[in-house]
Every structure is written in structure tokens, then in C-alpha cells.
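*Asks:* Coordinates in start04.cif, mmCIF, C-alpha atoms, are listed below.
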```
data_model
loop_
_atom_site.group_PDB
_atom_site.id
_atom_site.type_symbol
_atom_site.label_atom_id
_atom_site.label_comp_id
_atom_site.auth_asym_id
_atom_site.auth_seq_id
_atom_site.Cartn_x
_atom_site.Cartn_y
_atom_site.Cartn_z
ATOM 1 C CA MET A 1 0.000 0.000 0.000
ATOM 2 C CA SER A 2 1.495 3.326 -0.975
ATOM 3 C CA LYS A 3 1.954 6.325 1.286
ATOM 4 C CA LYS A 4 -0.305 8.379 -0.979
ATOM 5 C CA VAL A 5 -3.253 6.028 -0.434
ATOM 6 C CA LEU A 6 -2.705 6.066 3.322
ATOM 7 C CA ALA A 7 -2.503 9.842 3.330
ATOM 8 C CA CYS A 8 -5.621 10.246 1.180
ATOM 9 C CA ASN A 9 -7.909 7.855 2.952
ATOM 10 C CA GLY A 10 -6.536 8.466 6.432
ATOM 11 C CA PHE A 11 -7.483 6.201 9.271
ATOM 12 C CA GLN A 12 -9.798 3.992 7.206
ATOM 13 C CA GLU A 13 -6.932 2.671 5.074
ATOM 14 C CA ILE A 14 -4.711 2.168 8.119
ATOM 15 C CA ARG A 15 -7.496 0.219 9.842
ATOM 16 C CA LEU A 16 -8.013 -1.975 6.748
ATOM 17 C CA ALA A 17 -4.289 -2.619 6.451
ATOM 18 C CA PHE A 18 -4.186 -3.673 10.126
ATOM 19 C CA ILE A 19 -7.177 -5.986 9.683
ATOM 20 C CA LYS A 20 -5.530 -7.665 6.664
ATOM 21 C CA PHE A 21 -2.308 -8.184 8.608
ATOM 22 C CA ASN A 22 -4.083 -9.370 11.737
ATOM 23 C CA THR A 23 -5.235 -12.696 10.282
ATOM 24 C CA LYS A 24 -4.981 -15.907 12.285
ATOM 25 C CA LYS A 25 -1.963 -17.110 10.279
ATOM 26 C CA ASN A 26 -0.036 -13.874 10.905
ATOM 27 C CA ARG A 27 -0.916 -13.887 14.612
ATOM 28 C CA GLN A 28 0.428 -17.431 14.979
ATOM 29 C CA TRP A 29 3.610 -16.427 13.199
ATOM 30 C CA SER A 30 3.929 -13.383 15.464
ATOM 31 C CA VAL A 31 3.471 -15.415 18.647
ATOM 32 C CA GLY A 32 5.966 -17.983 17.379
ATOM 33 C CA SER A 33 8.452 -15.260 16.513
ATOM 34 C CA ILE A 34 8.083 -13.583 19.887
ATOM 35 C CA THR A 35 8.515 -16.922 21.663
ATOM 36 C CA THR A 36 11.601 -17.784 19.619
ATOM 37 C CA LEU A 37 13.084 -14.347 20.180
ATOM 38 C CA SER A 38 12.393 -14.570 23.923
ATOM 39 C CA VAL A 39 14.095 -17.963 24.181
ATOM 40 C CA LEU A 40 17.062 -16.656 22.194
ATOM 41 C CA ILE A 41 17.456 -13.612 24.441
ATOM 42 C CA TRP A 42 17.162 -15.778 27.545
ATOM 43 C CA GLY A 43 19.747 -18.196 26.157
ATOM 44 C CA LEU A 44 22.209 -15.423 25.399
ATOM 45 C CA SER A 45 21.759 -13.895 28.832
ATOM 46 C CA THR A 46 22.469 -17.214 30.571
ATOM 47 C CA MET A 47 25.689 -17.649 28.593
ATOM 48 C CA ASP A 48 27.198 -14.799 30.604
ATOM 49 C CA SER A 49 30.313 -16.062 32.387
ATOM 50 C CA ASN A 50 29.065 -14.565 35.635
ATOM 51 C CA TYR A 51 25.775 -16.432 35.621
ATOM 52 C CA VAL A 52 25.171 -18.685 38.620
ATOM 53 C CA ALA A 53 22.491 -21.311 38.532
ATOM 54 C CA SER A 54 20.785 -21.750 41.888
ATOM 55 C CA ARG A 55 22.891 -24.285 43.728
ATOM 56 C CA VAL A 56 21.838 -25.019 47.259
ATOM 57 C CA TYR A 57 24.661 -25.191 49.797
ATOM 58 C CA PHE A 58 22.785 -27.070 52.502
ATOM 59 C CA ASP A 59 24.265 -29.611 54.893
ATOM 60 C CA GLU A 60 21.604 -32.170 55.831
ATOM 61 C CA ALA A 61 23.649 -33.364 58.809
ATOM 62 C CA ARG A 62 23.649 -29.884 60.341
ATOM 63 C CA ASP A 63 20.868 -28.656 62.603
ATOM 64 C CA TYR A 64 20.416 -25.061 61.384
ATOM 65 C CA SER A 65 18.105 -24.249 64.302
ATOM 66 C CA GLN A 66 21.022 -24.920 66.679
ATOM 67 C CA ILE A 67 23.848 -23.650 64.439
ATOM 68 C CA PRO A 68 22.420 -21.032 62.035
ATOM 69 C CA PHE A 69 23.911 -20.165 58.663
ATOM 70 C CA ASP A 70 26.326 -17.317 59.329
ATOM 71 C CA GLU A 71 28.978 -15.151 57.687
ATOM 72 C CA LEU A 72 31.633 -17.878 57.877
ATOM 73 C CA ASP A 73 29.324 -20.219 55.957
ATOM 74 C CA ALA A 74 28.740 -17.526 53.335
ATOM 75 C CA ILE A 75 32.500 -16.997 53.005
ATOM 76 C CA ASN A 76 33.050 -20.734 52.536
ATOM 77 C CA VAL A 77 30.275 -20.901 49.918
ATOM 78 C CA CYS A 78 31.855 -18.041 47.950
ATOM 79 C CA ARG A 79 35.344 -19.525 48.239
ATOM 80 C CA ALA A 80 34.070 -22.872 46.954
ATOM 81 C CA GLU A 81 32.327 -21.201 43.996
ATOM 82 C CA THR A 82 35.447 -19.178 43.145
ATOM 83 C CA ARG A 83 37.678 -22.271 43.316
ATOM 84 C CA LYS A 84 35.211 -24.087 41.086
ATOM 85 C CA ARG A 85 35.198 -21.228 38.552
ATOM 86 C CA PHE A 86 38.947 -20.699 38.287
ATOM 87 C CA GLY A 87 40.209 -24.208 39.102
ATOM 88 C CA SER A 88 43.962 -24.638 39.082
ATOM 89 C CA SER A 89 44.523 -21.116 37.750
ATOM 90 C CA LEU A 90 43.467 -19.660 41.128
ATOM 91 C CA VAL A 91 46.688 -18.623 42.851
ATOM 92 C CA ARG A 92 45.314 -16.793 45.885
ATOM 93 C CA LEU A 93 41.943 -15.721 47.266
ATOM 94 C CA THR A 94 41.698 -12.954 49.848
ATOM 95 C CA LEU A 95 38.603 -11.725 51.676
ATOM 96 C CA ASN A 96 38.076 -7.964 51.859
ATOM 97 C CA SER A 97 36.894 -7.835 55.458
ATOM 98 C CA HIS A 98 36.225 -4.080 55.329
ATOM 99 C CA SER A 99 33.534 -4.401 52.661
ATOM 100 C CA THR A 100 32.136 -7.845 53.488
ATOM 101 C CA ARG A 101 28.915 -7.528 55.454
ATOM 102 C CA PHE A 102 25.375 -8.673 56.126
ATOM 103 C CA ASP A 103 22.897 -6.284 54.519
ATOM 104 C CA ASP A 104 19.940 -5.913 56.902
ATOM 105 C CA ARG A 105 17.695 -4.372 54.249
ATOM 106 C CA THR A 106 18.029 -7.219 51.733
ATOM 107 C CA ARG A 107 18.866 -9.924 54.319
ATOM 108 C CA ILE A 108 21.822 -11.099 52.221
ATOM 109 C CA TYR A 109 25.500 -11.658 52.987
ATOM 110 C CA LYS A 110 27.624 -9.554 50.647
ATOM 111 C CA MET A 111 31.101 -11.028 50.242
ATOM 112 C CA PHE A 112 33.864 -9.111 48.501
ATOM 113 C CA MET A 113 37.122 -10.874 47.665
ATOM 114 C CA VAL A 114 40.216 -10.472 45.540
ATOM 115 C CA ALA A 115 41.360 -13.454 43.467
ATOM 116 C CA ASP A 116 44.779 -13.735 41.849
ATOM 117 C CA VAL A 117 44.297 -15.797 38.697
ATOM 118 C CA GLY A 118 47.054 -17.169 36.466
ATOM 119 C CA SER A 119 50.395 -18.586 37.562
ATOM 120 C CA LEU A 120 52.654 -17.742 40.490
ATOM 121 C CA ARG A 121 54.841 -15.558 38.262
ATOM 122 C CA ASN A 122 52.181 -14.046 36.046
ATOM 123 C CA PHE A 123 48.714 -13.472 37.468
ATOM 124 C CA GLU A 124 45.861 -11.030 37.139
ATOM 125 C CA GLU A 125 43.947 -9.557 40.049
ATOM 126 C CA MET A 126 40.214 -10.146 39.841
ATOM 127 C CA ALA A 127 37.528 -8.664 42.075
ATOM 128 C CA VAL A 128 34.894 -11.145 43.239
ATOM 129 C CA HIS A 129 31.420 -10.078 44.364
ATOM 130 C CA CYS A 130 29.394 -12.893 45.846
ATOM 131 C CA PHE A 131 26.008 -12.389 47.518
ATOM 132 C CA VAL A 132 24.604 -15.282 49.543
ATOM 133 C CA ASP A 133 21.016 -15.669 50.712
ATOM 134 C CA PRO A 134 21.172 -17.370 54.134
ATOM 135 C CA SER A 135 17.474 -18.300 54.124
ATOM 136 C CA GLU A 136 17.808 -20.234 50.847
ATOM 137 C CA TYR A 137 21.471 -21.326 51.248
ATOM 138 C CA THR A 138 22.147 -20.161 47.691
ATOM 139 C CA ILE A 139 24.313 -17.661 45.851
ATOM 140 C CA ASP A 140 22.061 -14.838 44.660
ATOM 141 C CA HIS A 141 24.687 -12.931 42.706
ATOM 142 C CA TYR A 142 28.214 -13.822 41.628
ATOM 143 C CA ARG A 143 30.424 -11.554 39.540
ATOM 144 C CA THR A 144 34.110 -11.392 38.761
ATOM 145 C CA PHE A 145 35.923 -8.661 36.903
ATOM 146 C CA SER A 146 39.452 -7.471 36.383
ATOM 147 C CA THR A 147 40.580 -4.757 38.770
ATOM 148 C CA LYS A 148 42.453 -3.186 35.844
ATOM 149 C CA GLN A 149 39.110 -2.101 34.408
ATOM 150 C CA ARG A 150 37.992 1.346 35.457
ATOM 151 C CA SER A 151 34.987 1.345 37.733
ATOM 152 C CA LEU A 152 31.630 2.661 36.604
ATOM 153 C CA VAL A 153 32.060 5.720 38.836
ATOM 154 C CA ASP A 154 35.475 6.472 37.302
ATOM 155 C CA ARG A 155 34.063 6.133 33.782
ATOM 156 C CA ALA A 156 31.146 8.443 34.667
ATOM 157 C CA ARG A 157 33.570 11.006 36.067
ATOM 158 C CA GLY A 158 35.490 10.902 32.793
ATOM 159 C CA ILE A 159 32.347 11.394 30.747
ATOM 160 C CA PHE A 160 31.075 14.296 32.819
ATOM 161 C CA GLY A 161 34.529 15.806 33.359
ATOM 162 C CA LEU A 162 34.466 15.512 37.144
#
```
Show the structure stored in the file as C-alpha cells.
*Replies:*
Amino acid sequence: MSKKVLACNGFQEIRLAFIKFNTKKNRQWSVGSITTLSVLIWGLSTMDSNYVASRVYFDEARDYSQIPFDELDAINVCRAETRKRFGSSLVRLTLNSHSTRFDDRTRIYKMFMVADVGSLRNFEEMAVHCFVDPSEYTIDHYRTFSTKQRSLVDRARGIFGL
């Protein structure tokens, strides 16, 4: 349909064009396309190297009513996940005790660590952010990034000239 026809007949032509497009066959194709696109986007987002599937770190032999899940447990969970991620290339893992804390608002342990990854002679320092939900015994958020990268705040300062 040309632009001239749409301009001449106004809303009537637009409505007719929509009705022709909105047939059952086209609607099925649209739903199928949206579903396929949604699955593709979800798949790409889960391929992120920082994605953590919900793994439960629960010890059945432990009585959590007598010995509750605490910060030491959260640290051990994050250390285990980091060792699993980096394997033999993990040289050293250090807890940043100044930043590590329990967030009362979100009810989550926020663990911040520094991992040296590579070999003893040549390694890269990586920041590790690991958030553990003590009520679910799971890692809610896990992220690693090179400390050589400028932080978001530093990049914003550069953009705005601060």
C-alpha cells in the first residue's frame, strides 16, 4: 500500500491494512516469533560467564536451628564457587573484610574478595562479588571482573569531566 493512499484515505486505510495483517496465520507467526526471540534472548543472557544457577549449599547433617547459617558459611560458599570457577589457575583468594557484610535491608550476605588468577609468576587480580542468601542457602549474585578495568564511577567522572 502506498503512502499516498494512506494519506488520502486516512485512518480507514490504516485500519483496513491492520485488519488484513491481523489474520490468524499472521498472529500465529507473530506469537511464534516472539517466543523464539524470547528464548534466544534468555539463552544469550544465561551464557554470561558470571551467571550462577541456583545451587543449594545445605548440609543435611547440620541442625540449622542450633547452628544457624552465618557469615563464615557464606565466606566458605563463595570460596568454593570461586575455586570451582577458576580451578587450578586460582593462585590466591583474599577476603576484603572491610567491605564484606550482612545487609539488613536485603537480608543477604555480601562477600567481597580479591582473586589472583594465572600462575605464580604471572597473574591477574580479579575482584569477586558474591552475595549469599542465608534463608535459601544459595548464591544470589556472583560476579568477577578485572581490577584493571575502570569502575563505573570512574568512567562516569570521565564522561562528565568531574
*Asks:* Select all residues near (33.6, -11.0, 48.3) (cut-off 6 Å, inclusive, file coordinates), counting all atoms listed in the file, and output them as a list of chain:residue names.
*Replies:* A:Met111, A:Phe112, A:Met113, A:Val128, A:His129, A:Cys130
*Asks:* Rank nothing, just name the residue among A:Leu120, A:Val153, A:Leu95, A:Cys78 nearest to Asp133 of chain A, using all atoms listed in the file.
*Replies:* A:Cys78
*Asks:* Atom CA of Arg85 of chain A to atom CA of Ile67 of chain A: how many Å, to one decimal?
*Replies:*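 Between these atoms lies a distance of 28.4 Å.
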*Asks:* Distance atom CA of Tyr142 of chain A-atom CA of Gly118 of chain A, one decimal place?
*Replies:* 19.8 Å
*Asks:* Excluding Glu60 of chain A and residues on its chain fewer than 4 positions from it, collect all residues at most 12 Å away from it, counting all atoms listed in the file, and give them as a PDB file with C-alpha atoms, keeping the file's coordinate frame.
*Replies:*
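result-v1.pdb written:
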```
ATOM      1  CA  VAL A  56      21.838 -25.019  47.259  1.00  0.00           C
ATOM      2  CA  TYR A  64      20.416 -25.061  61.384  1.00  0.00           C
ATOM      3  CA  TYR A 137      21.471 -21.326  51.248  1.00  0.00           C
TER       4      TYR A 137
END
```
*Asks:* Pick the closest to Gly87 of chain A from A:Met126, A:Tyr57, A:Lys148, A:Val117: which is it, counting all atoms listed in the file?
*Replies:*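 Among the listed residues, A:Val117 lies closest to Gly87 of chain A.
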*Asks:* What is the atom CA of Asp104 of chain A-atom CA of Asp73 of chain A distance in Å, reported with one decimal?
*Replies:*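 Those two atoms sit 17.1 Å apart.
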*Asks:* Pick out the residues sitting within 6 Å of Phe131 of chain A, and hand them over as a PyMOL selection string; count only C-alpha atoms, and ignore anything fewer than 3 positions along from it in its own chain.
*Replies:* chain A and resi 109-111+139-141
